[in-house]
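Below is data.cif, holding mmCIF, C-alpha atoms.
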```
data_structure
#
loop_
_atom_site.label_atom_id
_atom_site.label_comp_id
_atom_site.auth_asym_id
_atom_site.auth_seq_id
_atom_site.Cartn_x
_atom_site.Cartn_y
_atom_site.Cartn_z
CA MET P 1050 -0.82 34.65 165.80
CA ASP P 1051 0.48 34.63 169.35
CA VAL P 1052 3.90 33.18 168.53
CA LEU P 1053 5.84 35.42 170.92
CA ASN P 1054 3.79 34.34 173.92
CA ARG P 1055 4.00 30.69 172.93
CA PHE P 1056 7.78 30.90 172.56
CA GLY P 1057 7.88 31.80 176.22
CA HIS P 1058 10.89 31.73 178.49
CA LEU P 1059 14.44 30.45 178.37
CA GLU P 1060 13.51 26.78 178.65
CA ASN P 1061 12.07 27.09 175.12
CA MET P 1062 15.23 27.63 173.10
CA ILE P 1063 13.56 27.05 169.72
CA TYR P 1064 10.10 27.36 168.20
CA ILE P 1065 9.17 26.18 164.69
CA GLU P 1066 5.90 26.73 162.90
CA HIS P 1067 4.62 25.93 159.41
CA GLY P 1068 1.76 28.27 158.61
CA ILE P 1069 -0.44 28.50 155.52
CA SER P 1070 -3.55 30.52 154.70
CA SER P 1071 -5.31 31.98 151.69
CA SER P 1072 -7.12 35.29 151.70
CA SER P 1073 -8.56 37.80 149.25
CA LYS P 1074 -7.45 40.59 151.57
CA SER P 1075 -4.07 42.11 152.30
CA PHE P 1076 -3.04 42.77 155.89
CA LEU P 1077 -0.19 44.27 157.87
CA ARG P 1078 1.41 42.65 160.90
CA ALA P 1079 2.30 44.89 163.83
CA ASN P 1080 5.79 46.33 164.05
CA HIS P 1081 7.71 44.48 166.78
CA PHE P 1082 11.09 43.23 167.97
CA HIS P 1083 12.30 40.40 170.20
CA ASP P 1084 15.49 39.20 171.84
CA PHE P 1085 15.88 36.03 169.77
CA TYR P 1086 16.72 35.26 166.14
CA GLU P 1087 14.09 34.69 163.49
CA LEU P 1088 14.51 32.69 160.29
CA TYR P 1089 11.62 32.96 157.87
CA PHE P 1090 11.29 30.81 154.72
CA TYR P 1091 8.51 32.18 152.51
CA LEU P 1092 6.42 29.85 150.36
CA GLY P 1093 3.48 32.08 149.44
CA ASP P 1094 2.68 34.85 147.00
CA SER P 1095 4.72 38.05 147.01
CA MET P 1096 4.69 40.26 150.12
CA THR P 1097 6.66 43.10 151.71
CA TYR P 1098 8.95 42.71 154.72
CA PHE P 1099 9.99 45.81 156.67
CA ILE P 1100 13.28 45.34 158.51
CA ASP P 1101 14.61 48.24 160.58
CA SER P 1102 14.48 51.22 158.19
CA LYS P 1103 14.25 49.28 154.91
CA ALA P 1104 11.49 47.56 152.98
CA TYR P 1105 12.05 44.35 150.98
CA SER P 1106 9.92 42.75 148.27
CA ILE P 1107 9.73 39.09 149.26
CA GLU P 1108 9.06 36.39 146.67
CA LYS P 1109 8.37 32.68 146.98
CA TYR P 1110 11.38 30.76 148.39
CA ASP P 1111 13.13 33.83 149.80
CA ILE P 1112 14.90 33.47 153.14
CA VAL P 1113 14.54 36.29 155.69
CA PHE P 1114 16.85 36.39 158.70
CA ILE P 1115 16.05 38.80 161.54
CA ASP P 1116 18.72 39.66 164.09
CA LYS P 1117 17.73 39.90 167.74
CA GLY P 1118 16.46 43.33 168.77
CA VAL P 1119 15.70 44.53 165.22
CA PHE P 1120 12.29 46.05 164.48
CA HIS P 1121 10.38 44.30 161.71
CA ARG P 1122 6.91 43.69 160.34
CA THR P 1123 5.24 41.93 157.41
CA ASN P 1124 2.78 43.29 154.88
CA TYR P 1125 0.92 40.46 153.17
CA LYS P 1126 -0.85 41.04 149.88
CA LYS P 1127 -3.81 39.12 148.55
CA GLY P 1128 -3.25 35.42 147.86
CA THR P 1129 -1.57 32.46 149.53
CA LYS P 1130 0.45 33.14 152.65
CA GLU P 1131 2.70 30.24 153.59
CA ARG P 1132 5.96 30.15 155.51
CA ILE P 1133 8.14 28.17 157.84
CA LEU P 1134 9.03 30.27 160.85
CA ILE P 1135 11.93 29.46 163.18
CA LEU P 1136 12.59 31.40 166.36
CA PHE P 1137 15.67 30.46 168.36
CA HIS P 1138 17.36 31.93 171.38
CA PRO P 1139 20.94 33.30 171.22
CA MET P 1140 21.91 30.60 173.73
CA PHE P 1141 20.46 27.78 171.61
CA PHE P 1142 23.95 26.70 170.52
CA SER P 1143 25.54 27.14 173.96
CA CYS P 1144 26.20 23.38 174.11
CA LEU P 1145 29.01 23.87 171.59
CA SER P 1146 32.47 23.95 173.12
CA ASP P 1147 33.26 27.03 171.03
CA ILE P 1148 30.32 29.16 169.90
CA SER P 1149 32.43 31.83 168.17
CA PRO P 1150 32.14 30.23 164.67
CA MET P 1151 28.36 30.11 165.03
CA ALA P 1152 28.32 33.71 166.26
CA LYS P 1153 30.20 34.76 163.11
CA ILE P 1154 27.69 32.93 160.92
CA LEU P 1155 24.75 34.62 162.67
CA ASN P 1156 26.38 38.04 162.36
CA GLN P 1157 26.97 37.54 158.64
CA LEU P 1158 23.39 36.42 158.06
CA ALA P 1159 22.17 39.49 159.96
CA GLU P 1160 24.08 41.65 157.48
CA THR P 1161 22.20 39.97 154.60
CA PRO P 1162 18.65 39.87 155.96
CA VAL P 1163 17.05 38.69 152.71
CA ILE P 1164 18.55 35.88 150.61
CA ARG P 1165 17.11 35.07 147.18
CA LEU P 1166 18.03 31.48 146.38
CA ASN P 1167 18.75 29.81 143.04
CA ALA P 1168 16.96 26.62 142.00
CA SER P 1169 19.39 24.14 143.58
CA ALA P 1170 19.62 26.15 146.80
CA ILE P 1171 15.83 26.31 147.00
CA GLU P 1172 15.57 22.51 146.91
CA GLN P 1173 18.32 22.04 149.48
CA THR P 1174 16.92 24.67 151.85
CA LYS P 1175 13.34 23.49 151.50
CA ASN P 1176 14.25 19.86 152.23
CA THR P 1177 16.35 20.83 155.25
CA LEU P 1178 13.68 23.09 156.71
CA PHE P 1179 10.92 20.50 156.38
CA HIS P 1180 13.28 17.91 157.87
CA LEU P 1181 13.83 20.26 160.83
CA TYR P 1182 10.09 20.98 161.14
CA ASN P 1183 9.23 17.25 161.13
CA ALA P 1184 11.92 16.56 163.75
CA TYR P 1185 10.51 19.39 165.87
CA GLN P 1186 7.05 17.81 165.69
CA ASN P 1187 8.40 14.40 166.75
CA PRO P 1188 8.77 14.10 170.56
CA ASP P 1189 11.44 11.41 170.06
CA PHE P 1190 13.87 14.11 168.88
CA GLY P 1191 15.28 16.71 171.24
CA ASP P 1192 17.27 19.91 171.01
CA PHE P 1193 20.46 18.10 170.00
CA THR P 1194 18.84 16.98 166.73
CA HIS P 1195 17.41 20.43 166.16
CA GLN P 1196 20.82 22.02 166.81
CA ILE P 1197 22.55 19.80 164.27
CA ILE P 1198 20.00 20.39 161.51
CA LEU P 1199 19.73 24.13 162.13
CA ALA P 1200 23.51 24.58 162.40
CA ASN P 1201 23.98 22.82 159.05
CA LEU P 1202 21.32 25.01 157.47
CA LEU P 1203 22.86 28.23 158.79
CA LEU P 1204 26.30 27.15 157.60
CA TYR P 1205 24.85 26.29 154.17
CA LEU P 1206 23.24 29.75 153.88
CA LYS P 1207 26.49 31.40 154.94
CA GLN P 1208 28.40 29.47 152.28
CA TYR P 1209 25.72 30.33 149.71
CA ILE P 1210 26.27 34.04 150.42
CA ASP P 1211 30.04 33.62 150.23
CA THR P 1212 30.03 31.74 146.92
CA THR P 1213 27.31 33.64 145.06
CA ALA P 1214 28.97 36.24 142.85
CA GLN P 1215 26.20 38.83 143.15
CA LEU P 1216 23.19 38.33 145.36
CA PRO P 1217 19.96 39.92 144.10
CA ASN P 1218 18.92 42.95 146.15
CA PRO P 1219 15.17 42.79 146.87
CA GLU P 1220 15.17 46.12 148.73
CA ILE P 1221 12.41 48.50 147.63
CA LEU P 1222 13.88 51.83 146.61
CA TYR P 1223 11.89 54.83 147.79
CA GLY P 1224 12.53 58.25 146.30
CA ASN P 1225 13.93 59.74 149.51
CA ARG P 1226 14.85 56.61 151.39
CA GLN P 1227 18.42 57.80 152.05
CA ILE P 1228 17.36 60.14 154.84
CA VAL P 1229 15.49 57.55 156.89
CA PRO P 1230 18.47 55.29 157.72
CA GLU P 1231 20.36 58.42 158.78
CA VAL P 1232 17.51 59.46 161.06
CA VAL P 1233 17.22 55.92 162.45
CA ALA P 1234 20.95 55.86 163.23
CA TYR P 1235 20.68 59.26 164.92
CA LEU P 1236 17.71 58.15 167.03
CA ASN P 1237 19.48 54.93 168.01
CA GLN P 1238 22.46 56.97 169.22
CA ASN P 1239 20.49 59.69 171.03
CA TYR P 1240 17.40 57.90 172.35
CA ASN P 1241 18.46 58.55 175.96
CA ARG P 1242 17.74 62.27 175.76
CA SER P 1243 14.85 64.45 174.64
CA ILE P 1244 14.58 64.68 170.83
CA SER P 1245 12.12 66.99 169.08
CA LEU P 1246 10.86 67.03 165.50
CA GLU P 1247 12.26 70.54 165.21
CA GLU P 1248 15.73 69.24 166.09
CA LEU P 1249 15.49 66.49 163.46
CA SER P 1250 14.17 68.91 160.86
CA SER P 1251 17.05 71.29 161.47
CA LYS P 1252 19.73 68.61 161.56
CA PHE P 1253 18.65 66.81 158.39
CA PHE P 1254 17.48 69.93 156.48
CA VAL P 1255 14.00 68.61 155.80
CA ASP P 1256 10.49 69.77 156.58
CA LYS P 1257 9.30 68.06 159.76
CA TYR P 1258 5.92 67.11 158.27
CA TYR P 1259 7.54 65.53 155.24
CA LEU P 1260 10.04 63.74 157.51
CA CYS P 1261 7.20 62.28 159.59
CA HIS P 1262 5.45 61.11 156.41
CA VAL P 1263 8.44 59.40 154.77
CA PHE P 1264 9.67 57.93 158.08
CA LYS P 1265 6.36 56.19 158.72
CA LYS P 1266 6.05 55.09 155.09
CA ILE P 1267 9.36 53.25 155.24
CA THR P 1268 9.54 52.06 158.86
CA GLY P 1269 5.83 51.53 159.46
CA VAL P 1270 5.82 53.55 162.70
CA THR P 1271 5.93 57.19 163.70
CA ILE P 1272 9.14 58.80 164.91
CA ILE P 1273 7.77 59.01 168.45
CA THR P 1274 6.81 55.34 168.43
CA PHE P 1275 10.25 54.40 167.11
CA ILE P 1276 11.98 56.34 169.89
CA ASN P 1277 9.74 54.85 172.57
CA ASN P 1278 10.30 51.33 171.21
CA LYS P 1279 14.06 51.88 171.26
CA ARG P 1280 13.88 53.13 174.85
CA LEU P 1281 11.73 50.16 175.86
CA ARG P 1282 14.15 47.74 174.24
CA GLU P 1283 17.10 49.26 176.10
CA SER P 1284 15.16 49.32 179.36
CA GLN P 1285 14.45 45.61 178.93
CA LYS P 1286 18.17 44.92 178.72
CA LEU P 1287 18.91 46.95 181.85
CA LEU P 1288 16.09 45.30 183.79
CA LYS P 1289 17.48 41.90 182.82
CA TRP P 1290 21.18 42.44 183.27
CA SER P 1291 21.70 45.28 185.73
CA ASP P 1292 20.83 46.03 189.34
CA LEU P 1293 19.92 49.66 188.64
CA PRO P 1294 16.69 50.84 190.29
CA VAL P 1295 13.71 51.20 187.97
CA ALA P 1296 13.79 54.98 188.40
CA ALA P 1297 17.42 55.08 187.27
CA ILE P 1298 16.63 52.90 184.25
CA CYS P 1299 13.76 55.21 183.38
CA ALA P 1300 16.09 58.22 183.39
CA ARG P 1301 18.95 56.45 181.62
CA THR P 1302 16.77 55.38 178.70
CA GLY P 1303 15.38 58.84 178.07
CA PHE P 1304 11.92 58.71 179.61
CA GLN P 1305 10.97 62.01 181.20
CA SER P 1306 8.34 60.53 183.53
CA GLN P 1307 8.41 57.27 185.48
CA ASN P 1308 4.62 57.04 185.30
CA HIS P 1309 4.80 57.30 181.51
CA PHE P 1310 7.57 54.68 181.47
CA ASN P 1311 5.60 52.29 183.68
CA ASN P 1312 2.39 52.70 181.67
CA LEU P 1313 4.09 52.34 178.29
CA PHE P 1314 6.10 49.32 179.44
CA LYS P 1315 2.99 47.61 180.80
CA SER P 1316 0.91 48.34 177.69
CA THR P 1317 3.69 46.92 175.51
CA PHE P 1318 4.80 43.88 177.51
CA GLY P 1319 1.77 43.20 179.69
CA GLN P 1320 3.53 43.80 183.01
CA THR P 1321 5.22 46.60 184.92
CA PRO P 1322 9.03 47.01 184.78
CA SER P 1323 9.30 45.71 188.35
CA ASP P 1324 7.20 42.63 187.59
CA TYR P 1325 9.19 42.03 184.42
CA ARG P 1326 12.45 42.10 186.39
CA LYS P 1327 11.07 39.69 189.00
CA GLU P 1328 9.96 37.27 186.30
CA GLN P 1329 13.35 37.37 184.56
CA LYS P 1330 15.06 36.71 187.89
CA LYS P 1331 12.69 33.81 188.49
CA TRP P 1332 13.78 32.25 185.22
CA GLY P 1333 17.43 32.75 186.02
CA VAL P 1334 18.09 35.50 183.48
CA GLN P 1335 19.82 37.96 185.74
CA SER P 1336 23.47 37.52 186.69
#
```

Can the structure from this file be put into structure tokens for me?
Amino acid sequence: MDVLNRFGHLENMIYIEHGISSSSKSFLRANHFHDFYELYFYLGDSMTYFIDSKAYSIEKYDIVFIDKGVFHRTNYKKGTKERILILFHPMFFSCLSDISPMAKILNQLAETPVIRLNASAIEQTKNTLFHLYNAYQNPDFGDFTHQIILANLLLYLKQYIDTTAQLPNPEILYGNRQIVPEVVAYLNQNYNRSISLEELSSKFFVDKYYLCHVFKKITGVTIITFINNKRLRESQKLLKWSDLPVAAICARTGFQSQNHFNNLFKSTFGQTPSDYRKEQKKWGVQS
């Protein structure tokens, strides 16, 4: 699935897809992140969703909400795989005279990335999502229609969270899961300098080989890959929104070699940092 490439640039503020397949094999999607929101309504057999440093057991009719810039991946088991996927840009609701209420709703949903719905909520959510999908497929409807339907859905989910006494927690509990969020937080705070496995082992009082094992088991990537992805994500922001030279961005985000930075950026995003900046400027991203 090449959804990210199809979503494209800023003129595509929303992308909606209804996908269904059946397979006797299980498969794992690649770990990734993006700078737009993702709402995922699952309609298939059970699967596992990895979000940041946590793993969630996803059942039929669960809602998954992914904040922008958060690493995530899916692990599908055998059986039917069906979902409605909505990707929308942070500026999708910019037509509103005051976007602060919508921003609060999105922030609250990001704090509850998996919502397990009751029977009445399932029916309401399912009907709204298929209504939105059908409107998206109809060229007679534009973004204004999509904005109204999606805004109502997001508000409904926010109210569902607020009024449900105790939301089920589908998080998978690993034996030593507590250490991984701590390591993730540490890496997110210190990505812009050199970090060794020995340093992490000493700081968190754990054998470095065991740490590498449990980190990858829960996050789906190695510690080195996680650090590099964090650095790439931050470099993207600086290339978009700052006038810093590429060499300065390389140093500021913790890369020790500009050649390594250029090669890793190109292998990840398909273009060099300089070309990426030029393209963003072309589409009017930079200030």

Item to check | Counting only C-alpha atoms, the option among P:Gln1173, P:Asn1278, P:Thr1317, P:Thr1213 closest to P:Phe1120 | outcome: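 Once distances to P:Phe1120 are computed over only C-alpha atoms, the minimum belongs to P:Asn1278.
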
Item to complete: Find the distance between atom CA of P:Thr1129 and atom CA of P:Ile1065 and write it in Å to one decimal.
Response: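 Between atom CA of P:Thr1129 and atom CA of P:Ile1065 the gap is 19.6 Å.
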
I would like the residues chosen by the PyMOL selection byres ((chain P and resi 1097) around 9) on the shown file; could you give them as a list of chain:residue names?
P:Ser1095, P:Met1096, P:Tyr1098, P:Phe1099, P:Ala1104, P:Tyr1105, P:Ser1106, P:Ile1107, P:Glu1108, P:Arg1122, P:Thr1123, P:Asn1124, P:Tyr1125, P:Lys1126, P:Ile1221

Write a file of the just-selected residues containing C-alpha atoms, as a JSON list (two decimals), in the frame of the given file.
```
[["chain", "number", "residue", "atom", "x", "y", "z"],
["P", 1095, "SER", "CA", 4.72, 38.05, 147.01],
["P", 1096, "MET", "CA", 4.69, 40.26, 150.12],
["P", 1098, "TYR", "CA", 8.95, 42.71, 154.72],
["P", 1099, "PHE", "CA", 9.99, 45.81, 156.67],
["P", 1104, "ALA", "CA", 11.49, 47.56, 152.98],
["P", 1105, "TYR", "CA", 12.05, 44.35, 150.98],
["P", 1106, "SER", "CA", 9.92, 42.75, 148.27],
["P", 1107, "ILE", "CA", 9.73, 39.09, 149.26],
["P", 1108, "GLU", "CA", 9.06, 36.39, 146.67],
["P", 1122, "ARG", "CA", 6.91, 43.69, 160.34],
["P", 1123, "THR", "CA", 5.24, 41.93, 157.41],
["P", 1124, "ASN", "CA", 2.78, 43.29, 154.88],
["P", 1125, "TYR", "CA", 0.92, 40.46, 153.17],
["P", 1126, "LYS", "CA", -0.85, 41.04, 149.88],
["P", 1221, "ILE", "CA", 12.41, 48.50, 147.63]]
```

What residues come out when you apply the PyMOL selection byres ((chain P and resi 1151) around 12) to this file, written as a PyMOL selection string?
-> chain P and resi 1139-1150+1152-1158+1196-1197+1199-1204+1207

Correct to one decimal, the distance atom CA of P:Ile1210-atom CA of P:Ile1164 is 7.9 Å

task: Would you list the contacts of P:Tyr1064 as a count of residues only, taking every protein, DNA or RNA residue within 7 Å and counting all atoms listed in the file, but skipping same-chain residues closer than 2 positions in sequence?
output: 5

Students should find that atom CA of P:Pro1322 and atom CA of P:Ile1298 are spaced 9.6 Å

Problem set entry | Selection dump of the PyMOL selection byres ((chain P and resi 1089) around 8), as a PyMOL selection string | chain P and resi 1087-1088+1090-1091+1112-1114+1132-1135

Of the candidates P:His1081, P:His1067, P:Lys1289, P:Arg1282, which one gets nearest to P:His1180 if we count only C-alpha atoms?
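Nearest candidate to P:His1180 out of P:His1081, P:His1067, P:Lys1289, P:Arg1282: P:His1067.
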
Among P:Glu1172, P:Asp1101, P:Asp1211, P:Asp1116, P:Phe1275 is approached most closely, using all atoms listed in the file, by P:Asp1101

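Restricting the calculation to only C-alpha atoms, the smallest distance between P:Phe1304 and any of P:Asn1277, P:Asn1218, P:Ser1323, P:Gln1208 is found for P:Asn1277.
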
Using all atoms listed in the file for the distances, tell me which of P:Tyr1240, P:Gln1215, P:Leu1249, P:Ile1267 is nearest to P:Cys1299.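 Of P:Tyr1240, P:Gln1215, P:Leu1249, P:Ile1267, the one nearest P:Cys1299 is P:Tyr1240, counting all atoms listed in the file.
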